[in-house]
$ cat data_24.cif   # mmCIF, C-alpha atoms
data_my_file
loop_
_atom_site.label_atom_id
_atom_site.label_comp_id
_atom_site.auth_asym_id
_atom_site.auth_seq_id
_atom_site.Cartn_x
_atom_site.Cartn_y
_atom_site.Cartn_z
CA MET Z 10 83.03 121.88 124.89
CA ILE Z 11 81.96 118.33 125.54
CA PRO Z 12 82.31 116.31 128.75
CA LEU Z 13 85.27 113.99 129.09
CA SER Z 14 82.90 111.14 129.91
CA ALA Z 15 81.78 111.07 126.24
CA TYR Z 16 85.28 110.00 125.20
CA LEU Z 17 85.48 107.48 128.04
CA ILE Z 18 82.12 105.94 127.13
CA LEU Z 19 83.21 105.63 123.47
CA SER Z 20 86.40 103.91 124.57
CA GLY Z 21 84.44 101.60 126.86
CA PHE Z 22 82.10 100.72 124.00
CA LEU Z 23 85.05 99.82 121.76
CA PHE Z 24 86.53 97.64 124.50
CA VAL Z 25 83.20 95.84 125.07
CA CYS Z 26 82.88 95.25 121.30
CA GLY Z 27 86.38 93.76 121.31
CA VAL Z 28 85.61 91.40 124.19
CA LEU Z 29 82.32 90.33 122.56
CA GLY Z 30 84.13 89.61 119.28
CA PHE Z 31 86.71 87.60 121.21
CA LEU Z 32 83.94 85.52 122.80
CA ILE Z 33 81.56 84.90 119.88
CA LYS Z 34 83.80 84.87 116.80
CA ARG Z 35 85.15 81.52 115.58
CA ASN Z 36 87.65 82.70 112.97
CA ILE Z 37 91.15 83.02 114.43
CA ILE Z 38 91.97 86.13 112.34
CA THR Z 39 88.77 87.91 113.42
CA ILE Z 40 89.55 87.06 117.05
CA PHE Z 41 92.94 88.66 116.56
CA MET Z 42 91.32 91.77 115.11
CA SER Z 43 89.04 91.97 118.17
CA ILE Z 44 92.18 92.16 120.33
CA GLU Z 45 93.36 95.12 118.24
CA LEU Z 46 89.96 96.75 118.78
CA MET Z 47 90.37 96.37 122.56
CA LEU Z 48 93.83 97.97 122.38
CA ASN Z 49 92.37 100.89 120.41
CA GLY Z 50 89.67 101.43 123.02
CA VAL Z 51 92.29 101.56 125.78
CA ASN Z 52 94.38 104.01 123.72
CA LEU Z 53 91.45 106.41 123.45
CA SER Z 54 91.00 106.45 127.23
CA PHE Z 55 94.75 107.06 127.64
CA VAL Z 56 94.55 110.15 125.42
CA ALA Z 57 91.36 111.37 127.15
CA PHE Z 58 92.88 111.08 130.62
CA ALA Z 59 96.06 112.78 129.39
CA ALA Z 60 93.86 115.73 128.38
CA GLN Z 61 92.22 115.72 131.83
CA TRP Z 62 95.47 115.72 133.82
CA HIS Z 63 97.42 117.90 131.34
CA ALA Z 64 100.18 115.28 131.30
CA LEU Z 65 101.76 114.38 127.97
CA SER Z 66 103.07 111.08 129.32
CA GLY Z 67 99.64 109.57 128.60
CA GLN Z 68 100.23 110.16 124.90
CA VAL Z 69 103.72 108.64 125.13
CA PHE Z 70 102.14 105.54 126.63
CA VAL Z 71 99.82 105.29 123.62
CA PHE Z 72 102.97 105.23 121.47
CA PHE Z 73 104.34 102.32 123.50
CA VAL Z 74 101.03 100.45 123.28
CA MET Z 75 101.17 100.83 119.49
CA VAL Z 76 104.72 99.43 119.38
CA VAL Z 77 103.67 96.43 121.44
CA ALA Z 78 100.61 95.96 119.21
CA ALA Z 79 102.82 95.97 116.11
CA ALA Z 80 105.13 93.34 117.61
CA GLU Z 81 102.10 91.30 118.68
CA ALA Z 82 100.57 91.47 115.21
CA ALA Z 83 103.80 90.31 113.56
CA VAL Z 84 104.26 87.30 115.86
CA GLY Z 85 100.55 86.48 116.07
CA LEU Z 86 100.03 86.43 112.31
CA ALA Z 87 103.14 84.24 111.94
CA ILE Z 88 101.61 81.81 114.44
CA ILE Z 89 98.31 81.88 112.49
CA ILE Z 90 100.18 81.01 109.26
CA ALA Z 91 102.03 78.17 111.03
CA VAL Z 92 98.74 76.81 112.45
CA TYR Z 93 97.06 76.99 109.04
CA ARG Z 94 99.93 75.04 107.43
CA THR Z 95 99.55 72.11 109.82
CA ARG Z 96 95.75 72.12 110.41
CA GLU Z 97 94.42 73.65 107.17
CA THR Z 98 91.67 75.38 109.11
CA LEU Z 99 91.14 78.81 110.70
CA ASN Z 100 88.32 77.68 113.00
CA VAL Z 101 89.43 77.88 116.63
CA ASP Z 102 87.16 74.97 117.61
CA GLN Z 103 89.18 72.63 115.41
CA VAL Z 104 92.50 73.85 116.77
CA ASN Z 105 92.53 72.05 120.12
CA LEU Z 106 96.01 70.52 120.34
CA LEU Z 107 99.08 72.43 121.43
CA LYS Z 108 101.24 70.01 119.42
CA LEU Z 109 102.03 71.07 115.88
CA MET L 9 79.39 123.33 119.18
CA LEU L 10 81.80 122.42 116.37
CA HIS L 11 83.55 120.04 118.76
CA LEU L 12 80.27 118.32 119.61
CA ILE L 13 79.31 117.95 115.93
CA LEU L 14 82.69 116.52 114.91
CA PHE L 15 82.81 114.21 117.92
CA SER L 16 79.29 112.89 117.21
CA ILE L 17 79.94 112.26 113.52
CA PHE L 18 83.22 110.42 113.96
CA GLY L 19 82.04 108.70 117.14
CA ALA L 20 79.05 107.35 115.21
CA VAL L 21 81.34 106.15 112.38
CA CYS L 22 83.55 104.49 114.98
CA VAL L 23 80.63 102.72 116.69
CA ALA L 24 79.21 101.61 113.33
CA GLY L 25 82.58 100.17 112.30
CA ALA L 26 82.98 98.30 115.59
CA VAL L 27 79.47 96.80 115.33
CA ASN L 28 80.06 95.89 111.66
CA LEU L 29 83.23 94.05 112.67
CA LEU L 30 81.13 91.82 114.91
CA VAL L 31 78.27 91.30 112.44
CA GLN L 32 80.24 90.47 109.29
CA SER L 33 81.10 86.82 108.79
CA HIS L 34 83.84 87.25 106.19
CA PRO L 35 87.19 88.24 107.75
CA ILE L 36 88.07 90.68 104.98
CA ASN L 37 84.91 92.72 105.69
CA SER L 38 85.81 92.75 109.37
CA ALA L 39 89.33 93.96 108.54
CA LEU L 40 88.01 96.80 106.37
CA SER L 41 85.59 97.94 109.08
CA LEU L 42 88.47 97.85 111.58
CA ILE L 43 90.33 100.28 109.29
CA VAL L 44 87.27 102.57 109.42
CA VAL L 45 87.32 102.40 113.25
CA MET L 46 91.03 103.26 113.36
CA ALA L 47 90.74 106.17 110.91
CA SER L 48 87.84 107.74 112.84
CA LEU L 49 89.73 107.20 116.10
CA ALA L 50 92.60 109.22 114.60
CA VAL L 51 90.17 112.12 114.13
CA GLU L 52 89.05 111.76 117.76
CA TYR L 53 92.69 112.00 118.86
CA LEU L 54 93.10 115.09 116.72
CA LEU L 55 90.06 116.67 118.44
CA LEU L 56 91.76 116.13 121.80
CA GLY L 57 94.93 117.80 120.48
CA ALA L 58 97.06 114.66 120.22
CA GLU L 59 98.51 115.42 116.79
CA PHE L 60 101.47 113.03 116.97
CA VAL L 61 99.31 110.15 118.22
CA ALA L 62 96.78 110.76 115.43
CA ALA L 63 99.51 110.64 112.76
CA VAL L 64 101.04 107.49 114.24
CA GLN L 65 97.58 105.93 114.48
CA VAL L 66 97.06 106.37 110.73
CA ILE L 67 100.59 105.35 109.72
CA VAL L 68 101.21 102.43 112.07
CA TYR L 69 97.74 101.08 112.85
CA ALA L 70 95.61 101.82 109.81
CA GLY L 71 98.65 101.51 107.55
CA ALA L 72 101.17 98.91 108.62
CA ILE L 73 99.29 96.59 110.97
CA MET L 74 96.10 96.40 108.90
CA VAL L 75 98.07 95.75 105.69
CA LEU L 76 99.69 92.84 107.54
CA PHE L 77 96.21 91.55 108.43
CA LEU L 78 94.86 91.95 104.90
CA ILE L 79 97.90 90.19 103.38
CA THR L 80 97.48 87.30 105.81
CA ILE L 81 93.78 86.98 104.98
CA MET L 82 94.55 86.94 101.25
CA LEU L 83 97.52 84.58 101.67
CA LEU L 84 95.48 82.01 103.59
CA ASN L 85 92.51 82.51 101.25
CA ALA L 86 90.22 82.78 104.27
CA GLY L 87 86.58 82.19 103.41
CA ALA L 88 83.42 83.02 105.32
CA GLU L 89 83.36 81.99 108.95
CA GLU L 90 82.01 78.56 109.83
CA ARG L 91 79.44 78.90 112.61
CA THR L 92 80.29 76.12 115.01
CA LYS L 93 79.25 75.76 118.59
CA GLY L 94 81.90 77.28 120.77
CA SER L 95 82.12 77.20 124.51
CA ARG L 96 78.65 77.36 126.11
CA VAL L 97 80.00 79.06 129.22
CA ALA L 98 81.48 81.88 127.12
CA THR L 99 78.16 82.71 125.45
CA LEU L 100 75.89 82.14 128.47
CA LEU L 101 77.98 83.85 131.14
CA GLY L 102 80.63 85.85 129.30
CA VAL L 103 78.48 87.90 126.92
CA PRO L 104 75.90 89.09 129.52
CA GLY L 105 78.69 89.70 132.03
CA VAL L 106 80.65 91.88 129.62
CA VAL L 107 77.54 93.83 128.58
CA ILE L 108 76.50 94.41 132.21
CA GLY L 109 80.03 95.53 133.07
CA GLY L 110 80.09 97.99 130.17
CA VAL L 111 76.67 99.42 131.09
CA LEU L 112 77.77 99.84 134.72
CA VAL L 113 80.90 101.72 133.68
CA ALA L 114 78.90 103.99 131.35
CA TRP L 115 76.26 104.63 134.07
CA THR L 116 78.95 105.51 136.61
CA LEU L 117 80.63 107.90 134.17
CA LEU L 118 77.35 109.62 133.33
CA HIS L 119 76.48 110.18 137.01
CA ARG L 120 79.84 111.64 138.02
CA SER L 121 79.76 115.40 138.11
CA ASP L 122 83.46 116.06 138.78
CA LEU L 123 84.69 115.04 135.31
CA PRO L 124 85.84 118.16 133.43
CA MET L 125 84.71 119.51 130.08
CA VAL L 126 87.26 119.36 127.27
CA SER L 127 87.58 121.78 124.38
CA ILE L 128 89.17 121.29 120.96
CA GLY L 129 92.91 120.73 121.29
CA ALA L 130 92.71 120.35 125.07
CA LEU L 131 96.32 119.20 125.36
CA LYS L 132 98.75 119.99 122.56
CA GLY L 133 100.67 116.81 121.79
CA ASP L 134 102.85 118.11 118.98
CA PRO L 135 105.86 116.01 117.86
CA SER L 136 108.47 118.27 119.48
CA SER L 137 107.08 118.03 123.02
CA ILE L 138 106.42 114.27 122.60
CA ALA L 139 110.01 113.81 121.38
CA ARG L 140 111.36 115.72 124.39
CA LEU L 141 109.51 113.31 126.71
CA LEU L 142 110.40 110.25 124.66
CA PHE L 143 114.14 110.93 124.47
CA HIS L 144 114.59 112.30 128.02
CA ASP L 145 112.15 110.84 130.52
CA PHE L 146 111.30 107.64 128.65
CA LEU L 147 114.64 106.96 126.98
CA LEU L 148 115.17 103.53 128.57
CA PRO L 149 111.65 102.20 127.72
CA PHE L 150 112.09 103.57 124.20
CA GLU L 151 115.34 101.65 123.71
CA VAL L 152 113.80 98.52 125.22
CA THR L 153 110.96 98.66 122.68
CA SER L 154 113.53 98.57 119.87
CA VAL L 155 114.84 95.29 121.32
CA LEU L 156 111.25 94.05 121.54
CA ILE L 157 110.64 94.84 117.87
CA LEU L 158 113.88 93.05 116.90
CA ILE L 159 112.83 89.95 118.86
CA ALA L 160 109.36 90.08 117.25
CA ILE L 161 110.92 90.20 113.75
CA MET L 162 113.16 87.21 114.49
CA GLY L 163 110.26 85.32 116.07
CA ALA L 164 108.05 85.90 113.03
CA VAL L 165 110.78 84.73 110.64
CA VAL L 166 111.48 81.59 112.70
CA LEU L 167 107.77 80.74 113.01
CA VAL L 168 106.95 80.93 109.30
CA SER L 169 110.21 79.54 107.90
CA ARG L 170 110.18 75.89 106.86
CA PRO L 171 113.62 74.38 107.55
CA GLU L 172 113.06 71.35 105.27
CA VAL L 173 112.31 73.59 102.26
CA ILE L 174 115.42 75.71 102.89
CA ALA L 175 117.56 72.57 103.26
CA ARG L 176 116.21 71.14 99.99
CA GLY L 177 116.91 74.42 98.19
CA SER L 178 120.53 74.59 99.38
CA ARG L 179 121.10 70.96 98.37
CA LYS L 180 119.85 71.81 94.87
CA ASP L 181 122.34 74.69 94.72
CA GLU L 182 125.21 72.37 95.51
CA GLN L 183 124.40 69.98 92.66
#
$ encode --input "data_24.cif" --output "structure tokens"
Amino acid sequence: MIPLSAYLILSGFLFVCGVLGFLIKRNIITIFMSIELMLNGVNLSFVAFAAQWHALSGQVFVFFVMVVAAAEAAVGLAIIIAVYRTRETLNVDQVNLLKL
Amino acid sequence: MLHLILFSIFGAVCVAGAVNLLVQSHPINSALSLIVVMASLAVEYLLLGAEFVAAVQVIVYAGAIMVLFLITIMLLNAGAEERTKGSRVATLLGVPGVVIGGVLVAWTLLHRSDLPMVSIGALKGDPSSIARLLFHDFLLPFEVTSVLILIAIMGAVVLVSRPEVIARGSRKDEQ
């Protein structure tokens, strides 16, 4: 038996790590991975709260979050490839024009 | 006791992977540590009883999505990160703000006494009960996600396709 707050603190830590990576990282792929880390942190709190309320719909929501994350990864990585073709860099500081 | 030991071990692996993702400068090392985070999170789901979610986490997240990331990193031949000066506001205000927010949330959670204790397998999330929810109560959202995936596939193909290369290729075929 462990308190539910342990799971919630772990999920909060993962979310904070994701936000920090989003702020300090300069590589566009690593920034994208930080977003995935944030989504994982939120998923853990969904599952923990589902266990608290004895409601399975929390776990179904995790499934939907994963589907959206998969779609986001497919489109996002395609955008990264398109940006790399025109700019030949992955540094976000050098990608400052919306125009291709 | 067993629950506490397993939670601590895999929680520590998870935290170490997340910190390593931030510290490493090469994207491929960050991707591999993200896989470690996702695999240990799957064990945490299993401890809470979410069997289906744990399986999907390994198959979809640690499997499909991370392979997509690794292939992109290899395809673009991404080297070590260049440390350039980013936004000053983000580092001066954003980082302390986020850390303070996280500490506040953790402090609040630790000082709340009405949060329950959970045991191993607190809520059985086996595939049959998840499927009953998914295909009865959440049938419309489930079908809408299939449309979303279809649009994402078409968007990815349109974004990476190069029309001039395709046109040149078809002209060669005609000759």
$ closest_residue --input "data_24.cif" --among "Z:Ala79, Z:Leu32, Z:Ile18, Z:Met42" --to "Lys93 in chain L" --atoms "only C-alpha atoms"
Z:Leu32
$ residues_around --input "data_24.cif" --residues "range 53-56 of chain Z" --least-positions-apart "6" --cutoff "10 Å" --atoms "all atoms listed in the file" --output "ChimeraX atom specification"
/Z:13-14,16-21,23,64-71 /L:49-50,52-53,56-58,61,131,133
$ closest_residue --input "data_24.cif" --among "L:Val97, L:Ala86, L:Ile43, L:Ala20" --to "Ala15 in chain Z" --atoms "all atoms listed in the file"
L:Ala20
$ atom_distance --input "data_24.cif" --atom1 "CA of Lys132 in chain L" --atom2 "CA of Gly25 in chain L"
27.6 Å
$ resolve_selection --input "data_24.cif" --expression "the PyMOL selection byres ((chain L) within 7 of (chain Z))" --output "PyMOL selection string"
chain L and resi 9+11-12+26+30+35+38+56+61+73+89+91+94+98-99+103+106-107+110+114+117-118+123-127+130-131+133+138+142+157+160+163-164+167-168
$ atom_distance --input "data_24.cif" --atom1 "CA of Val75 in chain L" --atom2 "CA of Val45 in chain L"
14.7 Å
$ axis_aligned_box --input "data_24.cif" --around "range 84-103 of chain Z" --padding-each-side "6 Å" --output "AutoDock Vina command-line options"
--center_x 95.7 --center_y 79.7 --center_z 112.4 --size_x 29.1 --size_y 27.2 --size_z 22.4
$ atom_distance --input "data_24.cif" --atom1 "CA of Val44 in chain L" --atom2 "CA of Glu59 in chain L"
18.6 Å
